[in-house]
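Note sheet for the following structure.
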Amino acid sequence: MIDQPKISLSGVQKHFGPKHVLRGIDLDVPRGQSLVVIGGSGTGKSVMLKCILGLIRPDSGQINIDGQDITGLSNRDREAVMGRMGMLFQGGALFDSLQVWENVAFGLIQGKSMQREKAREVAMAKLAQVGLNAAVGELSPSELSGGMQKRVGLARAIATDPEIIFFDEPTTGLDPIMADVINDLIVKCVRELGATTISITHDMASARKIADRVAMIYEGQILWHGPASEIDRSGNDHVDQFINGRADGPIQMQVRKL
Amino acid sequence: MMRFNFLAMIGSVILQFLGAVGRLTLFTAQGLRHCVTPKFYFRILGRQMLQIGYFSLPVIGLTAFFTGAVLALQIYVGGARFNAESLVSSIVVLGITRELGPVIGGLMVAGRVSAAMAAEIGTMRVTEQIDALTTLSTNPYKYLVAPRLIAGATMLPLLVLVADIIGVFGGFVVGTQKLGFNAGTYVQNTIDFLHADDVISGLVKASIFGFLISLMGCYHGFMSKGGAQGVGRATTNAVVSASIMILCANYLITEMFFAQ
Ligand SMILES: Nc1ncnc2c1ncn2[C@@H]1O[C@H](COP(=O)(O)OP(=O)(O)OP(=O)(O)O)[C@@H](O)[C@H]1O
Ligand SMILES: [Mg+2]
């Protein structure tokens with residue numbers, strides 16, 4: 001069973017109306033590894049994560065977690081699987097009717113039925129890990145800066161020590177030093193907690209630091225997939241263009257030149 | 001060709017309508033199911049009860065008072081000057097408890113509460129907070145919808161009871177202060193004409209209206225998409241549909257209670 005990937009997607013497709021976003025995604029993530037997904041804006045990276053989380057039902061294809069296909073599960077069974085996952089949403093998605101610490105403690109109180117006092121302590125500890133002090137815990141999310149919201153979202157995603165964690169652009173909007181703190185934190189989640197993670201990022205410095213493996217998504221499919229160490233030797237023009245951030249190359253952005 | 005287009009248009013409208021009815025039915029069934037199955041979020045239920053019940057009191061009190069007052073005035077000037085004392089008090093108490101208390105109360109609360117619910121839940125939808133709930137092992141129907149449905153169905157009867165009392169009091173004030181009726185006789189007439197049935201039918205109505213108000217607020221909030229504009233649309237739709245449903249349901253319930 002050692003070889004069985006923790007997360008495995010095969011032939012996952014998703015349309016929104018006429019828009020064919022995912023055109024057959026095949027992807028394996030081994031247990032305890034960190035996969036970084038790169039790819040242009042609007043290519044369906046966030047949609048892919050939501051499919052794995054069960055928030056969006058794919059039109060076709062299989063998504064296996066620990067060898068169990070989750071696309072056909074009943075709601076109750078899927079809730080059980082979801083209890084083992086954490087997600088940092090691209091836009092934060094903090095509950096603005098709750099205080100910051102209640103946001104972080106939410107999964108502990110509601111999902112794991114922890115006492116509020118105890119959950120509060122854990123939440124404050126998680127906030128400290130992302131560089132936020134106890135005073136911030138008492139604020140409401142709308143009183144925070146964008147980067148602070150991102151870090152609270154991160155603290156919430158890892159609060160229950162999930163087996164699988166998804167980070168949707170964890171370092172976007174952070175200053176370079178804080179971004180590196182967050183990178184270290186993600187690495188730590190993988191190394192120390194043994195979590196399996198998928199991170200989406202446009203930040204190549206971050207990708208190099210946290211990735212065991214890298215996958216590039218292009219036109220709704222996985223174009224290239226390999227160990228992080230080989231990203232500079234992928235032999236793929238699309239990947240080269242993307243990681244070096246060049247406007248010229250095989251990937252043409254849909255913009256009109258003035 | 002024209003005719004074909006016309007038929008196709010009718011067909012698509014009907015399909016859309018049926019789709020909406022289906023979605024609403026499923027949503028209602030889900031919401032009701034989570035009202036009666038654990039676990040229960042008492043903290044949120046309490047907050048919603050406060051929000052719907054307590055904070056609607058000023059609005060309800062004012063509308064009820066003036067409704068009762070104007071009712072007394074209208075009946076008096078509308079030709080009921082002979083035998084006015086018993087007629088005014090009886091019509092006021094019947095009108096308020098049977099119809100005006102629940103309907104006007106329901107409409108006022110619909111404006112206040114279903115709009116607020118649709119805006120709050122709609123914002124949670126478009127900012128992915130509802131998705132986030134799901135990833136934190138919390139069923140959004142249980143956490144968001146069920147407490148609001150329960151709070152609506154239980155708080156509105158209480159509000160309407162208050163509205164009944166204040167409305168009758170409004171009629172009493174106009175009757176005794178302006179129309180010169182005797183206070184003792186007015187109260188006696190009111191009590192003589194008041195039957196438990198009238199109050200109970202009003203409260204049953206109120207409970208159903210309260211449910212509809214919360215249902216519309218939650219449903220339109222849940223289904224909203226497309227940013228701030230979508231949330232705005234959801235808010236309007238929630239108020240309009242809740243109001244229409246209240247008026248339709250009012251007719252149906254009255255028919256059930258009183259038409260033999
Ligand atoms: N709920 C939805 N309804 C309709 N279309 C959607 C929905 N969610 C996503 N899309 C479409 O799917 C495409 C992919 O969106 P997605 O959010 O996955 O992009 P992304 O790769 O995460 O981009 P970015 O890097 O900018 O975050 C977009 O074109 C978007 O318009
Ligand atoms: Mg995205």
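All residue names refer to the structure tokens as shown: chains lettered A, B, ... in order, residues numbered from 1 in each chain, ligands numbered from 1 in order.
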### Contacts to ligand 1 at 7 Å cut-off (only C-alpha atoms and all ligand atoms) as a PyMOL selection string
chain A and resi 16+21+39-48
Just the selected residues (N, CA and C atoms), exported as a short mmCIF file (atom, residue, chain, number, x, y, z; two decimals), in the first residue's frame, please.
data_model
loop_
_atom_site.label_atom_id
_atom_site.label_comp_id
_atom_site.auth_asym_id
_atom_site.auth_seq_id
_atom_site.Cartn_x
_atom_site.Cartn_y
_atom_site.Cartn_z
N PHE A 16 -18.15 24.86 -17.37
CA PHE A 16 -19.12 25.84 -16.85
C PHE A 16 -19.84 26.37 -18.07
N VAL A 21 -13.36 24.05 -18.78
CA VAL A 21 -12.25 24.50 -17.94
C VAL A 21 -11.23 23.39 -17.71
N GLY A 39 0.60 27.69 -13.36
CA GLY A 39 -0.17 27.81 -14.58
C GLY A 39 -0.79 29.19 -14.66
N GLY A 40 -1.15 29.57 -15.88
CA GLY A 40 -1.64 30.93 -16.10
C GLY A 40 -2.93 31.20 -15.36
N SER A 41 -3.23 32.48 -15.26
CA SER A 41 -4.44 32.90 -14.59
C SER A 41 -5.67 32.40 -15.35
N GLY A 42 -6.63 31.88 -14.63
CA GLY A 42 -7.86 31.43 -15.26
C GLY A 42 -7.78 30.10 -15.96
N THR A 43 -6.74 29.31 -15.68
CA THR A 43 -6.62 28.02 -16.34
C THR A 43 -7.30 26.90 -15.56
N GLY A 44 -7.88 27.22 -14.41
CA GLY A 44 -8.66 26.20 -13.71
C GLY A 44 -7.97 25.59 -12.50
N LYS A 45 -6.97 26.26 -11.97
CA LYS A 45 -6.26 25.71 -10.81
C LYS A 45 -7.18 25.67 -9.59
N SER A 46 -7.85 26.79 -9.34
CA SER A 46 -8.73 26.82 -8.17
C SER A 46 -9.89 25.84 -8.34
N VAL A 47 -10.40 25.74 -9.57
CA VAL A 47 -11.49 24.81 -9.83
C VAL A 47 -11.05 23.38 -9.54
N MET A 48 -9.81 23.07 -9.90
CA MET A 48 -9.30 21.72 -9.65
C MET A 48 -9.30 21.42 -8.16
#
### Message
Could you work out which residues of chain A fall inside 7 Å of chain B? Count only C-alpha atoms, and format the result as a list in words.
### Response
Leu55, Glu79, Met82, Gly83, Gly86, Met87, Ala93, Leu94, Phe95, Gly107, Gln110 and Gly111 of chain A
Using C-alpha atoms, can you write the selected residues to a file as a PDB file, in the first residue's frame?
ATOM      1  CA  LEU A  55     -17.189  21.697  -3.508  1.00  0.00           C
ATOM      2  CA  GLU A  79     -18.128  15.109   5.087  1.00  0.00           C
ATOM      3  CA  MET A  82     -13.470  16.499   4.176  1.00  0.00           C
ATOM      4  CA  GLY A  83     -12.819  16.502   7.883  1.00  0.00           C
ATOM      5  CA  GLY A  86      -7.835  21.906   5.142  1.00  0.00           C
ATOM      6  CA  MET A  87      -8.031  24.688   2.602  1.00  0.00           C
ATOM      7  CA  ALA A  93     -13.069  33.442   2.801  1.00  0.00           C
ATOM      8  CA  LEU A  94     -12.884  34.394   6.471  1.00  0.00           C
ATOM      9  CA  PHE A  95     -16.194  34.450   8.330  1.00  0.00           C
ATOM     10  CA  GLY A 107     -12.820  23.646  12.712  1.00  0.00           C
ATOM     11  CA  GLN A 110     -17.473  22.694  15.219  1.00  0.00           C
ATOM     12  CA  GLY A 111     -15.644  19.804  13.594  1.00  0.00           C
TER      13      GLY A 111
END
### Task
Can you pull out every residue within 12 Å of Asp26 in chain A, counting only C-alpha atoms, but drop anything in the same chain fewer than 3 positions away, and send it as a PyMOL selection string?
chain A and resi 7-13+22-23+29+48+61-64+215-217+220-225
### Task
Looking only at strand (DSSP E) from DSSP on the backbone, list the matching residues of range 7-218 of chain A as a VMD selection string.
chain A and resid 7 to 16 19 to 29 34 to 38 60 to 65 68 to 69 85 to 88 164 to 168 196 to 200 213 to 218
### Task
Quick one: pick out all helix (DSSP H, G or I) residues within range 3-247 of chain A from a backbone DSSP run and write them as a PyMOL selection string.
chain A and resi 45-53+75-82+100-111+116-129+134-137+141-143+146-158+176-193+204-210+228-233+237-244
### Task
May I have the residues within 6 Å of range 143-159 of chain A as number ranges by chain, using only C-alpha atoms and disregarding those fewer than 5 positions away in the same chain?
A: 86-88, 92, 104, 126-127, 130, 173-174
Would you output that residue set with N, CA, C and O atoms, as a short mmCIF file (atom, residue, chain, number, x, y, z; two decimals), in the first residue's frame?
data_model
loop_
_atom_site.label_atom_id
_atom_site.label_comp_id
_atom_site.auth_asym_id
_atom_site.auth_seq_id
_atom_site.Cartn_x
_atom_site.Cartn_y
_atom_site.Cartn_z
N GLY A 86 -7.78 20.48 4.81
CA GLY A 86 -7.83 21.91 5.14
C GLY A 86 -7.61 22.70 3.87
O GLY A 86 -6.97 22.21 2.94
N MET A 87 -8.18 23.90 3.83
CA MET A 87 -8.03 24.69 2.60
C MET A 87 -7.81 26.16 2.94
O MET A 87 -8.55 26.74 3.73
N LEU A 88 -6.79 26.72 2.31
CA LEU A 88 -6.64 28.18 2.34
C LEU A 88 -7.23 28.71 1.04
O LEU A 88 -6.73 28.39 -0.04
N GLY A 92 -9.28 34.27 0.88
CA GLY A 92 -9.36 34.25 2.34
C GLY A 92 -10.60 33.54 2.84
O GLY A 92 -10.52 32.58 3.57
N VAL A 104 -10.17 30.94 13.31
CA VAL A 104 -9.12 29.94 13.35
C VAL A 104 -9.59 28.71 14.12
O VAL A 104 -9.30 27.57 13.76
N LYS A 126 -1.71 29.05 16.80
CA LYS A 126 -1.60 29.00 15.34
C LYS A 126 -1.40 30.40 14.76
O LYS A 126 -0.65 30.58 13.81
N LEU A 127 -2.09 31.36 15.35
CA LEU A 127 -1.92 32.74 14.88
C LEU A 127 -0.48 33.19 15.11
O LEU A 127 0.11 33.86 14.26
N VAL A 130 1.83 32.18 12.38
CA VAL A 130 1.81 32.96 11.14
C VAL A 130 2.13 34.42 11.42
O VAL A 130 1.86 35.30 10.59
N GLY A 173 0.32 38.75 -2.09
CA GLY A 173 -0.06 39.90 -1.26
C GLY A 173 0.73 40.01 0.01
O GLY A 173 0.41 40.84 0.86
N LEU A 174 1.78 39.18 0.17
CA LEU A 174 2.61 39.31 1.37
C LEU A 174 3.94 39.94 0.98
O LEU A 174 4.41 39.78 -0.15
#
### Task
Can you pull out every residue within 9 Å of range 18-30 of chain B, counting only C-alpha atoms, but drop anything in the same chain fewer than 4 positions away, and send it as a list of chain:residue names?
B:Val13, B:Ile14, B:His34, B:Cys35, B:Tyr141, B:Lys142, B:Ala146, B:Leu215, B:Tyr219
### Query
Which polymer residues have any atom within 12 Å of an atom of Thr185 in chain B, counting only C-alpha atoms, with same-chain residues fewer than 6 positions away left out, as a list in words?
Ala84, Glu85, Ser86, Leu87, Val88, Ser89, Ser90, Phe172, Gly175, Thr176, Ile191 and Asp192 of chain B
Atoms kept (N, CA and C atoms) for selection, written as a compact mmCIF listing (two decimals), in the first residue's frame:
# COMPACT_ATOMS: atom_id res chain seq x y z
N ALA B 84 -71.82 52.97 17.34
CA ALA B 84 -70.39 52.99 17.02
C ALA B 84 -69.55 52.28 18.06
N GLU B 85 -69.92 52.43 19.29
CA GLU B 85 -69.02 51.96 20.33
C GLU B 85 -68.73 50.48 20.24
N SER B 86 -69.76 49.67 20.02
CA SER B 86 -69.50 48.24 19.99
C SER B 86 -68.88 47.83 18.65
N LEU B 87 -69.31 48.54 17.57
CA LEU B 87 -68.76 48.17 16.25
C LEU B 87 -67.27 48.45 16.15
N VAL B 88 -66.88 49.66 16.56
CA VAL B 88 -65.47 50.03 16.42
C VAL B 88 -64.59 49.04 17.18
N SER B 89 -64.92 48.81 18.44
CA SER B 89 -64.04 47.95 19.24
C SER B 89 -64.01 46.53 18.68
N SER B 90 -65.18 46.04 18.22
CA SER B 90 -65.18 44.65 17.75
C SER B 90 -64.43 44.53 16.42
N PHE B 172 -57.99 51.55 20.98
CA PHE B 172 -58.53 52.01 22.26
C PHE B 172 -58.20 53.48 22.49
N GLY B 175 -60.30 55.54 20.18
CA GLY B 175 -61.70 55.42 20.60
C GLY B 175 -62.00 56.28 21.82
N THR B 176 -61.15 56.18 22.81
CA THR B 176 -61.46 56.89 24.06
C THR B 176 -61.03 58.34 24.02
N ILE B 191 -63.32 42.45 24.80
CA ILE B 191 -63.20 41.11 25.39
C ILE B 191 -64.35 40.23 24.93
N ASP B 192 -65.55 40.80 24.85
CA ASP B 192 -66.72 40.00 24.43
C ASP B 192 -66.56 39.46 23.02
### Message
Just to confirm, what's the straight-line distance from CA of Gly17 in chain A to CA of Lys225 in chain B in Å (one decimal)?
### Response
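Computing it gives 14.6 Å between the two atoms.
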